[in-house]
file upload-v3.txt (compact mmCIF, C-alpha atoms and all ligand atoms)
# COMPACT_ATOMS: atom_id res chain seq x y z
CA MET A 1 56.29 -60.66 60.10
CA SER A 2 58.60 -63.52 59.09
CA PRO A 3 57.55 -66.74 60.88
CA VAL A 4 61.04 -67.14 62.42
CA ASP A 5 60.47 -63.86 64.28
CA GLY A 6 57.55 -65.32 66.25
CA SER A 7 57.85 -65.63 70.02
CA THR A 8 57.98 -69.24 71.19
CA ALA A 9 54.53 -68.96 72.78
CA ALA A 10 53.03 -67.55 69.55
CA VAL A 11 54.66 -70.30 67.46
CA GLU A 12 53.26 -73.00 69.74
CA SER A 13 49.74 -71.59 69.95
CA ARG A 14 49.51 -70.96 66.19
CA GLU A 15 50.50 -74.57 65.51
CA ALA A 16 48.03 -75.86 68.11
CA ALA A 17 45.28 -73.90 66.36
CA TYR A 18 46.09 -74.69 62.73
CA LEU A 19 48.15 -77.86 62.32
CA VAL A 20 46.75 -81.37 62.09
CA PRO A 21 47.99 -82.73 65.41
CA THR A 22 50.20 -85.55 64.06
CA TYR A 23 53.22 -84.57 66.19
CA SER A 24 53.74 -84.17 69.90
CA ARG A 25 56.63 -81.74 69.68
CA THR A 26 59.15 -81.05 72.42
CA ALA A 27 59.09 -77.41 73.53
CA PHE A 28 62.44 -76.67 71.90
CA HIS A 29 62.81 -73.86 69.35
CA PRO A 30 66.10 -74.14 67.47
CA ARG A 31 66.57 -71.06 65.31
CA THR A 32 70.16 -71.04 64.07
CA GLY A 33 73.08 -73.42 63.90
CA ARG A 34 76.75 -73.64 63.05
CA GLY A 35 78.67 -76.91 62.79
CA ALA A 36 77.26 -79.27 65.43
CA ARG A 37 75.91 -76.35 67.49
CA LEU A 38 72.29 -75.27 67.62
CA PHE A 39 71.03 -72.02 69.15
CA ASP A 40 67.47 -71.65 70.38
CA ALA A 41 65.13 -68.66 70.30
CA ASP A 42 66.67 -67.30 73.52
CA GLY A 43 70.19 -67.67 72.14
CA LYS A 44 70.97 -70.66 74.40
CA ARG A 45 73.46 -73.03 72.74
CA TYR A 46 73.30 -76.80 72.43
CA TRP A 47 75.39 -79.63 71.04
CA ASP A 48 73.24 -81.38 68.48
CA LEU A 49 73.66 -85.16 68.78
CA LEU A 50 70.56 -85.97 66.73
CA ALA A 51 71.17 -84.04 63.48
CA GLY A 52 67.48 -83.63 62.61
CA ILE A 53 67.12 -87.45 62.91
CA ALA A 54 70.24 -88.32 60.90
CA VAL A 55 69.70 -85.67 58.21
CA ASN A 56 72.28 -82.99 59.00
CA ALA A 57 75.37 -85.13 58.56
CA LEU A 58 77.48 -82.05 57.75
CA GLY A 59 76.04 -80.02 60.62
CA TYR A 60 74.59 -76.53 60.13
CA SER A 61 75.61 -73.66 57.83
CA HIS A 62 78.23 -75.80 56.13
CA PRO A 63 80.16 -73.54 53.72
CA ARG A 64 79.88 -76.03 50.83
CA ILE A 65 76.09 -76.17 51.24
CA THR A 66 75.53 -72.43 51.73
CA ARG A 67 77.72 -71.67 48.70
CA ILE A 68 75.54 -73.88 46.51
CA LEU A 69 72.30 -72.48 47.92
CA ARG A 70 73.50 -69.00 47.08
CA SER A 71 74.66 -69.78 43.56
CA GLU A 72 71.70 -72.04 42.63
CA ALA A 73 69.18 -69.42 43.81
CA ARG A 74 69.65 -67.71 40.45
CA GLY A 75 69.17 -70.93 38.48
CA LEU A 76 66.24 -73.26 37.85
CA LEU A 77 65.16 -74.96 41.05
CA HIS A 78 62.86 -77.39 39.29
CA VAL A 79 62.25 -78.59 35.75
CA SER A 80 60.07 -81.72 36.43
CA ASN A 81 60.95 -85.21 35.28
CA LEU A 82 59.57 -84.54 31.80
CA PHE A 83 62.85 -82.84 30.88
CA TYR A 84 66.59 -83.09 31.45
CA HIS A 85 68.91 -81.34 33.88
CA PRO A 86 72.55 -82.27 34.51
CA CYS A 87 72.41 -83.04 38.22
CA GLN A 88 70.31 -86.25 38.38
CA GLY A 89 72.63 -88.15 36.08
CA LEU A 90 75.72 -86.85 37.88
CA LEU A 91 74.38 -87.84 41.30
CA ALA A 92 73.26 -91.24 39.98
CA GLU A 93 76.73 -91.77 38.49
CA ARG A 94 78.37 -91.04 41.85
CA LEU A 95 76.02 -93.36 43.72
CA ILE A 96 76.42 -96.17 41.20
CA GLU A 97 80.22 -95.87 41.16
CA ALA A 98 80.29 -95.91 44.95
CA SER A 99 77.81 -98.76 45.43
CA GLY A 100 78.69 -101.06 42.52
CA LEU A 101 74.96 -101.37 41.74
CA SER A 102 73.47 -100.40 38.38
CA HIS A 103 70.83 -97.64 38.34
CA ALA A 104 69.28 -94.98 40.60
CA PHE A 105 65.79 -93.51 40.94
CA PHE A 106 65.25 -90.27 42.89
CA CYS A 107 62.29 -89.32 45.06
CA ASN A 108 61.67 -86.98 48.00
CA SER A 109 61.78 -88.98 51.22
CA GLY A 110 62.55 -92.26 52.90
CA THR A 111 59.04 -93.60 52.76
CA GLU A 112 58.83 -92.80 49.04
CA ALA A 113 62.12 -94.62 48.45
CA ASN A 114 60.74 -97.73 50.16
CA GLU A 115 57.44 -97.40 48.33
CA ALA A 116 59.35 -97.43 45.02
CA ALA A 117 61.57 -100.31 46.19
CA ILE A 118 58.49 -102.44 46.92
CA LYS A 119 57.02 -101.63 43.50
CA PHE A 120 60.32 -102.41 41.77
CA ALA A 121 60.58 -105.73 43.61
CA ARG A 122 57.05 -106.59 42.43
CA LEU A 123 58.10 -105.81 38.84
CA ALA A 124 61.13 -108.07 39.15
CA ASN A 125 59.07 -110.87 40.70
CA PRO A 126 55.61 -110.61 39.14
CA GLY A 127 52.95 -112.78 40.73
CA ARG A 128 54.90 -113.52 43.90
CA PRO A 129 52.51 -112.56 46.71
CA GLU A 130 54.76 -112.37 49.77
CA ILE A 131 57.16 -109.87 51.37
CA ILE A 132 59.22 -110.61 54.46
CA ALA A 133 60.08 -107.82 56.90
CA LEU A 134 61.37 -107.61 60.46
CA GLU A 135 59.56 -107.12 63.73
CA GLU A 136 60.51 -103.72 65.24
CA SER A 137 61.48 -102.36 61.80
CA PHE A 138 60.51 -98.91 60.55
CA HIS A 139 60.23 -98.17 56.84
CA GLY A 140 57.92 -95.15 56.68
CA ARG A 141 54.33 -93.96 56.93
CA THR A 142 52.86 -94.32 53.42
CA MET A 143 50.71 -97.39 52.89
CA GLY A 144 53.31 -99.66 51.23
CA ALA A 145 56.18 -98.71 53.55
CA LEU A 146 53.82 -98.89 56.53
CA SER A 147 52.73 -102.39 55.48
CA VAL A 148 56.32 -103.63 55.98
CA THR A 149 56.89 -101.66 59.21
CA GLY A 150 57.16 -104.01 62.17
CA HIS A 151 55.57 -101.74 64.80
CA GLU A 152 52.03 -102.98 65.17
CA GLU A 153 50.76 -99.77 66.76
CA TYR A 154 51.78 -97.78 63.66
CA ARG A 155 49.93 -100.19 61.33
CA VAL A 156 46.77 -101.11 63.17
CA PRO A 157 44.71 -97.91 62.69
CA PHE A 158 45.22 -98.04 58.92
CA GLY A 159 44.31 -101.58 57.90
CA PRO A 160 43.72 -103.21 55.55
CA LEU A 161 47.31 -102.76 54.35
CA LEU A 162 49.28 -104.70 51.70
CA PRO A 163 48.48 -108.38 52.02
CA GLY A 164 51.18 -111.07 52.16
CA VAL A 165 53.62 -109.41 54.57
CA THR A 166 55.19 -111.70 57.18
CA PHE A 167 57.22 -110.29 60.07
CA VAL A 168 60.09 -112.31 61.55
CA PRO A 169 62.26 -111.43 64.58
CA PRO A 170 65.56 -109.64 63.80
CA ASN A 171 68.69 -111.83 63.84
CA ASP A 172 66.66 -115.08 63.96
CA HIS A 173 68.13 -117.21 61.14
CA THR A 174 65.72 -120.09 61.65
CA ALA A 175 62.61 -117.89 61.41
CA LEU A 176 63.91 -116.29 58.22
CA GLU A 177 64.82 -119.64 56.67
CA ARG A 178 61.39 -121.05 57.58
CA THR A 179 59.57 -118.09 55.99
CA VAL A 180 61.42 -117.50 52.70
CA SER A 181 59.96 -119.44 49.79
CA GLU A 182 59.45 -119.22 46.05
CA ASP A 183 56.40 -117.06 46.82
CA THR A 184 58.67 -114.40 48.39
CA ALA A 185 58.90 -111.29 46.19
CA ALA A 186 61.21 -109.39 48.57
CA ILE A 187 63.00 -109.42 51.90
CA ILE A 188 63.37 -105.92 53.36
CA VAL A 189 65.68 -105.13 56.30
CA GLU A 190 67.46 -102.18 57.90
CA PRO A 191 71.10 -103.30 58.46
CA ILE A 192 70.78 -101.41 61.76
CA LEU A 193 67.19 -101.01 62.93
CA GLY A 194 66.91 -97.36 63.95
CA GLU A 195 63.44 -96.56 65.31
CA GLY A 196 63.30 -100.14 66.59
CA GLY A 197 65.90 -99.30 69.24
CA VAL A 198 69.22 -99.28 67.32
CA ILE A 199 69.53 -103.03 66.74
CA PRO A 200 72.40 -104.02 64.43
CA LEU A 201 71.74 -107.10 62.31
CA SER A 202 74.69 -109.48 62.57
CA ASP A 203 76.93 -109.99 59.53
CA ASP A 204 75.97 -113.68 59.62
CA TYR A 205 72.28 -112.84 59.52
CA LEU A 206 72.71 -110.47 56.57
CA ARG A 207 74.76 -113.13 54.76
CA ALA A 208 72.01 -115.68 55.43
CA ALA A 209 69.42 -113.22 54.05
CA ARG A 210 71.53 -112.87 50.88
CA ARG A 211 71.82 -116.67 50.55
CA LEU A 212 68.09 -117.22 51.06
CA ALA A 213 67.21 -114.45 48.59
CA ASP A 214 69.52 -116.03 46.00
CA ARG A 215 68.09 -119.50 46.59
CA SER A 216 64.46 -118.37 46.33
CA GLY A 217 64.83 -115.59 43.75
CA ALA A 218 63.55 -112.96 46.22
CA VAL A 219 64.78 -109.35 45.89
CA LEU A 220 66.90 -108.36 48.90
CA ILE A 221 66.23 -104.73 49.93
CA PHE A 222 68.43 -102.88 52.43
CA ASP A 223 66.78 -99.79 53.88
CA GLU A 224 69.81 -97.61 54.62
CA ILE A 225 67.75 -94.46 55.09
CA GLN A 226 68.96 -93.98 58.67
CA CYS A 227 72.18 -96.04 58.79
CA GLY A 228 73.49 -95.26 55.29
CA LEU A 229 75.61 -92.60 53.57
CA GLY A 230 78.54 -92.79 55.94
CA ARG A 231 76.87 -93.06 59.33
CA THR A 232 78.45 -96.46 60.09
CA GLY A 233 81.88 -95.52 58.67
CA THR A 234 81.38 -96.87 55.13
CA LEU A 235 79.41 -94.96 52.52
CA PHE A 236 76.85 -97.77 52.37
CA ALA A 237 76.26 -99.83 55.49
CA PHE A 238 76.32 -102.99 53.35
CA GLN A 239 79.96 -102.29 52.49
CA GLY A 240 80.92 -102.82 56.13
CA VAL A 241 79.32 -106.26 56.03
CA GLY A 242 80.39 -107.51 52.62
CA VAL A 243 76.82 -108.39 51.54
CA THR A 244 75.46 -106.64 48.47
CA PRO A 245 71.67 -106.22 48.32
CA ASP A 246 69.61 -106.01 45.12
CA ILE A 247 68.11 -102.67 46.16
CA VAL A 248 69.31 -100.00 48.62
CA THR A 249 67.08 -97.14 49.75
CA LEU A 250 68.54 -93.83 50.91
CA ALA A 251 67.16 -90.49 52.07
CA LYS A 252 67.85 -88.45 55.23
CA PRO A 253 71.39 -86.99 54.74
CA LEU A 254 71.40 -87.28 50.94
CA GLY A 255 69.87 -83.86 50.20
CA GLY A 256 72.05 -81.89 52.63
CA GLY A 257 68.90 -80.78 54.51
CA LEU A 258 66.47 -80.66 51.57
CA PRO A 259 64.11 -83.57 50.87
CA LEU A 260 65.80 -86.15 48.62
CA GLY A 261 65.46 -89.92 48.55
CA ALA A 262 67.03 -92.52 46.27
CA VAL A 263 66.46 -96.11 45.30
CA ILE A 264 69.56 -97.82 43.95
CA VAL A 265 68.95 -101.04 42.10
CA GLY A 266 71.33 -103.81 41.09
CA PRO A 267 71.44 -106.08 38.02
CA LYS A 268 68.64 -108.31 39.28
CA LEU A 269 66.22 -105.47 38.46
CA ASP A 270 67.67 -104.83 34.99
CA GLY A 271 65.02 -104.84 32.30
CA SER A 272 62.02 -105.05 34.63
CA ILE A 273 61.36 -101.32 35.20
CA LYS A 274 59.98 -99.44 32.18
CA PRO A 275 58.90 -95.83 31.47
CA GLY A 276 55.53 -95.18 33.12
CA HIS A 277 55.98 -97.76 35.88
CA HIS A 278 56.83 -95.15 38.50
CA GLY A 279 57.42 -91.41 38.78
CA THR A 280 57.23 -88.22 40.81
CA THR A 281 56.89 -84.51 40.05
CA PHE A 282 59.50 -83.23 42.49
CA GLY A 283 61.79 -86.25 42.94
CA GLY A 284 65.40 -85.56 42.00
CA ASN A 285 64.84 -81.83 41.44
CA VAL A 286 67.76 -79.64 40.44
CA LEU A 287 68.58 -78.10 43.81
CA ALA A 288 68.21 -81.27 45.87
CA CYS A 289 70.46 -83.23 43.47
CA ARG A 290 73.04 -80.42 43.41
CA LEU A 291 73.11 -80.58 47.22
CA GLY A 292 73.31 -84.38 47.07
CA LEU A 293 76.45 -84.08 44.96
CA ALA A 294 77.88 -81.61 47.48
CA VAL A 295 77.20 -83.99 50.39
CA LEU A 296 79.05 -86.82 48.61
CA GLU A 297 81.91 -84.48 47.63
CA GLU A 298 82.26 -83.28 51.21
CA ILE A 299 82.21 -86.81 52.67
CA ASP A 300 84.99 -87.65 50.24
CA SER A 301 87.18 -84.55 50.36
CA SER A 302 87.06 -84.13 54.14
CA HIS A 303 87.65 -87.87 54.74
CA LEU A 304 84.48 -88.07 56.81
CA LEU A 305 84.21 -91.86 56.58
CA GLU A 306 87.58 -92.25 58.33
CA ARG A 307 86.46 -89.65 60.87
CA VAL A 308 83.18 -91.48 61.58
CA LYS A 309 85.06 -94.78 61.93
CA GLY A 310 87.67 -93.38 64.32
CA LEU A 311 85.30 -91.28 66.39
CA GLY A 312 82.75 -94.10 66.44
CA ALA A 313 85.30 -96.58 67.81
CA TRP A 314 86.30 -94.09 70.51
CA LEU A 315 82.64 -93.41 71.38
CA GLU A 316 81.91 -97.13 71.66
CA THR A 317 84.80 -97.59 74.11
CA GLN A 318 83.59 -94.66 76.21
CA LEU A 319 79.97 -95.86 76.20
CA ARG A 320 81.01 -99.37 77.27
CA ARG A 321 83.19 -97.87 80.00
CA ILE A 322 80.34 -95.87 81.50
CA GLN A 323 77.98 -98.84 81.12
CA ARG A 324 80.21 -100.76 83.57
CA THR A 325 79.72 -98.16 86.28
CA VAL A 326 76.20 -96.85 85.63
CA PRO A 327 73.50 -99.42 86.51
CA ALA A 328 70.82 -97.40 84.67
CA ILE A 329 72.50 -98.42 81.37
CA ILE A 330 71.33 -101.88 80.35
CA ASP A 331 72.85 -102.15 76.89
CA ILE A 332 74.86 -100.23 74.31
CA ARG A 333 74.29 -100.98 70.61
CA GLY A 334 75.40 -99.44 67.34
CA ARG A 335 78.25 -98.68 65.00
CA GLY A 336 80.06 -95.56 63.75
CA LEU A 337 78.00 -92.53 64.79
CA MET A 338 74.71 -94.41 65.34
CA TRP A 339 74.26 -95.54 68.94
CA GLY A 340 71.43 -96.70 71.16
CA ILE A 341 71.80 -96.53 74.93
CA GLU A 342 69.18 -98.80 76.49
CA LEU A 343 68.12 -97.59 79.94
CA ASN A 344 66.24 -99.10 82.84
CA ARG A 345 63.89 -96.09 82.70
CA ASP A 346 61.87 -93.87 80.40
CA ALA A 347 64.24 -92.44 77.80
CA LYS A 348 62.09 -89.38 76.99
CA ALA A 349 62.46 -87.98 80.51
CA VAL A 350 66.24 -88.45 80.33
CA ALA A 351 66.35 -86.82 76.87
CA LEU A 352 64.44 -83.82 78.24
CA GLU A 353 66.88 -83.48 81.13
CA LEU A 354 69.81 -83.66 78.68
CA LEU A 355 68.13 -80.99 76.54
CA SER A 356 67.82 -78.69 79.53
CA ARG A 357 71.59 -79.19 80.02
CA GLY A 358 72.37 -78.30 76.41
CA TYR A 359 72.42 -81.64 74.55
CA VAL A 360 69.94 -82.63 71.85
CA VAL A 361 69.50 -86.42 71.69
CA GLY A 362 66.80 -88.72 70.33
CA THR A 363 64.96 -91.70 71.72
CA ALA A 364 63.74 -94.98 70.28
CA ARG A 365 61.04 -97.19 71.79
CA GLN A 366 60.33 -96.49 75.46
CA ASN A 367 63.76 -96.79 76.96
CA VAL A 368 66.50 -96.22 74.39
CA LEU A 369 68.45 -92.97 73.99
CA ARG A 370 69.49 -92.56 70.37
CA LEU A 371 72.62 -90.71 69.22
CA LEU A 372 72.89 -89.70 65.56
CA PRO A 373 75.32 -86.76 65.66
CA PRO A 374 76.60 -84.92 62.58
CA TYR A 375 79.78 -86.48 61.16
CA ILE A 376 81.64 -83.28 62.01
CA VAL A 377 80.77 -83.37 65.73
CA PRO A 378 83.85 -82.53 67.83
CA LYS A 379 85.18 -85.31 70.07
CA SER A 380 85.18 -82.81 72.93
CA ALA A 381 81.38 -82.38 72.53
CA LEU A 382 80.86 -86.13 72.82
CA ALA A 383 83.17 -86.29 75.85
CA ALA A 384 81.28 -83.46 77.55
CA PHE A 385 77.99 -85.17 76.75
CA LEU A 386 79.14 -88.44 78.35
CA THR A 387 80.03 -86.63 81.57
CA VAL A 388 76.59 -84.99 81.67
CA LEU A 389 74.88 -88.28 80.81
CA VAL A 390 76.54 -90.02 83.77
CA ASP A 391 75.53 -87.10 85.96
CA VAL A 392 71.91 -87.27 84.79
CA LEU A 393 71.70 -91.06 85.23
CA THR A 394 73.43 -91.25 88.62
CA GLY A 395 72.95 -87.80 90.05
CA GLU A 396 76.72 -87.77 90.55
CA LYS A 397 79.69 -86.21 88.81
CA GLU A 398 81.78 -88.85 87.01
CA GLU A 399 85.36 -89.40 88.25
CA SER A 400 87.75 -88.99 85.36
C1 LIG B 501 65.07 -96.77 58.34
C2 LIG B 501 64.04 -95.76 57.92
N1 LIG B 501 63.31 -96.00 56.82
C3 LIG B 501 62.39 -95.13 56.39
C4 LIG B 501 62.15 -93.95 57.06
C5 LIG B 501 61.11 -92.99 56.57
O1 LIG B 501 61.74 -91.86 56.06
P1 LIG B 501 60.91 -90.48 55.85
O2 LIG B 501 60.55 -90.00 57.21
O3 LIG B 501 61.88 -89.59 55.12
O4 LIG B 501 59.72 -90.83 55.03
C6 LIG B 501 62.88 -93.67 58.21
C7 LIG B 501 62.62 -92.43 59.00
O5 LIG B 501 62.94 -92.30 60.13
C8 LIG B 501 63.85 -94.60 58.66
O6 LIG B 501 64.58 -94.38 59.76

call {"tool": "encode", "arguments": {"input": "upload-v3.txt", "output": "structure tokens", "more": "lines below"}}
Ligand SMILES: Cc1ncc(COP(=O)(O)O)c(C=O)c1O
result
Amino acid sequence: MSPVDGSTAAVESREAAYLVPTYSRTAFHPRTGRGARLFDADGKRYWDLLAGIAVNALGYSHPRITRILRSEARGLLHVSNLFYHPCQGLLAERLIEASGLSHAFFCNSGTEANEAAIKFARLANPGRPEIIALEESFHGRTMGALSVTGHEEYRVPFGPLLPGVTFVPPNDHTALERTVSEDTAAIIVEPILGEGGVIPLSDDYLRAARRLADRSGAVLIFDEIQCGLGRTGTLFAFQGVGVTPDIVTLAKPLGGGLPLGAVIVGPKLDGSIKPGHHGTTFGGNVLACRLGLAVLEEIDSSHLLERVKGLGAWLETQLRRIQRTVPAIIDIRGRGLMWGIELNRDAKAVALELLSRGYVVGTARQNVLRLLPPYIVPKSALAAFLTVLVDVLTGEKEES
């Protein structure tokens, strides 16, 4: 029997018996999808406003992606990094042309991208013992990325972690200025903190980080794993701010649904990374890179950045409008198609209620609903969602 044929009860009990219990999954069984729609095991349909946590930027069953999967199935899926294939260089070329940085390294996930970024920063700044990161940040679960993750509860069970990491509050210029020194190897920030509750860093703060990195010689790393590749309306989030980092890390939407991460480095790193310093068996494999090229081509040819910008501006206006009339909404934060709706109540319970009404949304921290819809989500789906959200939060139908 193919695993996708399992009944929902069988799927759940098999996992309970055999999987290491690292996840507390929601009892939701998506089985197929088309565009921004998901269909569960009973055939019930949903609007997906989470996109597999910012991965499925093009939605489901996108013709450009399925065409490539079909044609590449006959080719080599993997050749290792001992040998050449055409797609890594092509994808690197596209990313370098688009970012204005100088070289790319490919890996398999966000945490691996940050792991490599930390190693590269150490190579560029040998002997400097300190890294500065933000409270509430999230950079991944492997030991290096975890060491710079600002959620104490994620770190504590796994100590001792990397020494020399100092956490400062987001958007606090004075704390950053006080902490950066000539011992600082790197400053790592998410331009919009995702897991931390969708907290955008101000343009001024990012400019100050750039200035302080320049003054001290620290490597400035932007983790754009969640907010990058078009989600804020520019291909790189840093392009909307006008601050260029020394390293950008990418993952989630890059592989079109397959695991693919990238570290893009600027001239400050030139000459410091040599053969043997870092590597991976799978990273940048043929199929993932081919899909990465397709994702970039689709963003370009379907003008998805303009779409995200326009739809994002409309969504912001609508969210601020409902905030004025719904007391349960404390704050609205975000940009483009990345929004946090801070509530005066537990967000998970609200997300479950929305799921039962046909909308898949995420949460962040205790009380923030998180929206990360595919870039192709119809405006009408977002409008329908807002009506249901008001209903769920007030128990009343919204007047239009
Ligand atoms: C900003 C950010 N960095 C890093 C990661 C880790 O990525 P991955 O889960 O692919 O290892 C995530 C995942 O949510 C993220 O949002």

call {"tool": "residues_around", "arguments": {"input": "upload-v3.txt", "residues": "A:Pro191", "least_positions_apart": "5", "cutoff": "10 Å", "atoms": "all atoms listed in the file", "output": "PyMOL selection string"}}
result
chain A and resi 170+198-203+205-206+221-224+226-228+237-238+241

call {"tool": "residues_near_ligand", "arguments": {"input": "upload-v3.txt", "ligand": "ligand LIG 501 (chain B)", "cutoff": "6 Å", "atoms": "all atoms listed in the file", "output": "number ranges by chain"}}
result
A: 109-111, 138-140, 190, 194, 223, 225-226

call {"tool": "residues_around", "arguments": {"input": "upload-v3.txt", "residues": "A:Ala73", "least_positions_apart": "5", "cutoff": "12 Å", "atoms": "all atoms listed in the file", "output": "number ranges by chain"}}
result
A: 66-68, 78, 286-287, 290

call {"tool": "write_last_selection", "arguments": {"input": "upload-v3.txt", "atoms": "C-alpha atoms", "output": "short mmCIF file (atom, residue, chain, number, x, y, z; two decimals), in the frame of the given file"}}
result
data_model
loop_
_atom_site.label_atom_id
_atom_site.label_comp_id
_atom_site.auth_asym_id
_atom_site.auth_seq_id
_atom_site.Cartn_x
_atom_site.Cartn_y
_atom_site.Cartn_z
CA THR A 66 75.53 -72.43 51.73
CA ARG A 67 77.72 -71.67 48.70
CA ILE A 68 75.54 -73.88 46.51
CA HIS A 78 62.86 -77.39 39.29
CA VAL A 286 67.76 -79.64 40.44
CA LEU A 287 68.58 -78.10 43.81
CA ARG A 290 73.04 -80.42 43.41
#

call {"tool": "atom_distance", "arguments": {"input": "upload-v3.txt", "atom1": "atom CA of A:Arg215", "atom2": "atom CA of A:Asn125"}}
result
13.8 Å

call {"tool": "closest_residue", "arguments": {"input": "upload-v3.txt", "among": "A:Arg141, A:Leu371, A:Ala208, A:Arg122", "to": "A:Asp183", "atoms": "only C-alpha atoms"}}
result
A:Arg122

call {"tool": "residues_around", "arguments": {"input": "upload-v3.txt", "residues": "A:Leu355", "least_positions_apart": "5", "cutoff": "9 Å", "atoms": "all atoms listed in the file", "output": "PyMOL selection string"}}
result
chain A and resi 28+46+350+360-361

call {"tool": "atom_distance", "arguments": {"input": "upload-v3.txt", "atom1": "atom CA of A:Leu305", "atom2": "atom CA of A:Arg231"}}
result
7.9 Å

call {"tool": "closest_residue", "arguments": {"input": "upload-v3.txt", "among": "A:Ala175, A:Val326, A:Phe282, A:Gly358", "to": "A:Phe39", "atoms": "all atoms listed in the file"}}
result
A:Gly358

call {"tool": "residues_around", "arguments": {"input": "upload-v3.txt", "residues": "A:Gly230", "least_positions_apart": "4", "cutoff": "9 Å", "atoms": "all atoms listed in the file", "output": "number ranges by chain"}}
result
A: 57, 234-237, 299, 304-305, 308, 336-337, 375

call {"tool": "atom_distance", "arguments": {"input": "upload-v3.txt", "atom1": "atom CA of A:Thr281", "atom2": "atom CA of A:Lys119"}}
result
17.5 Å
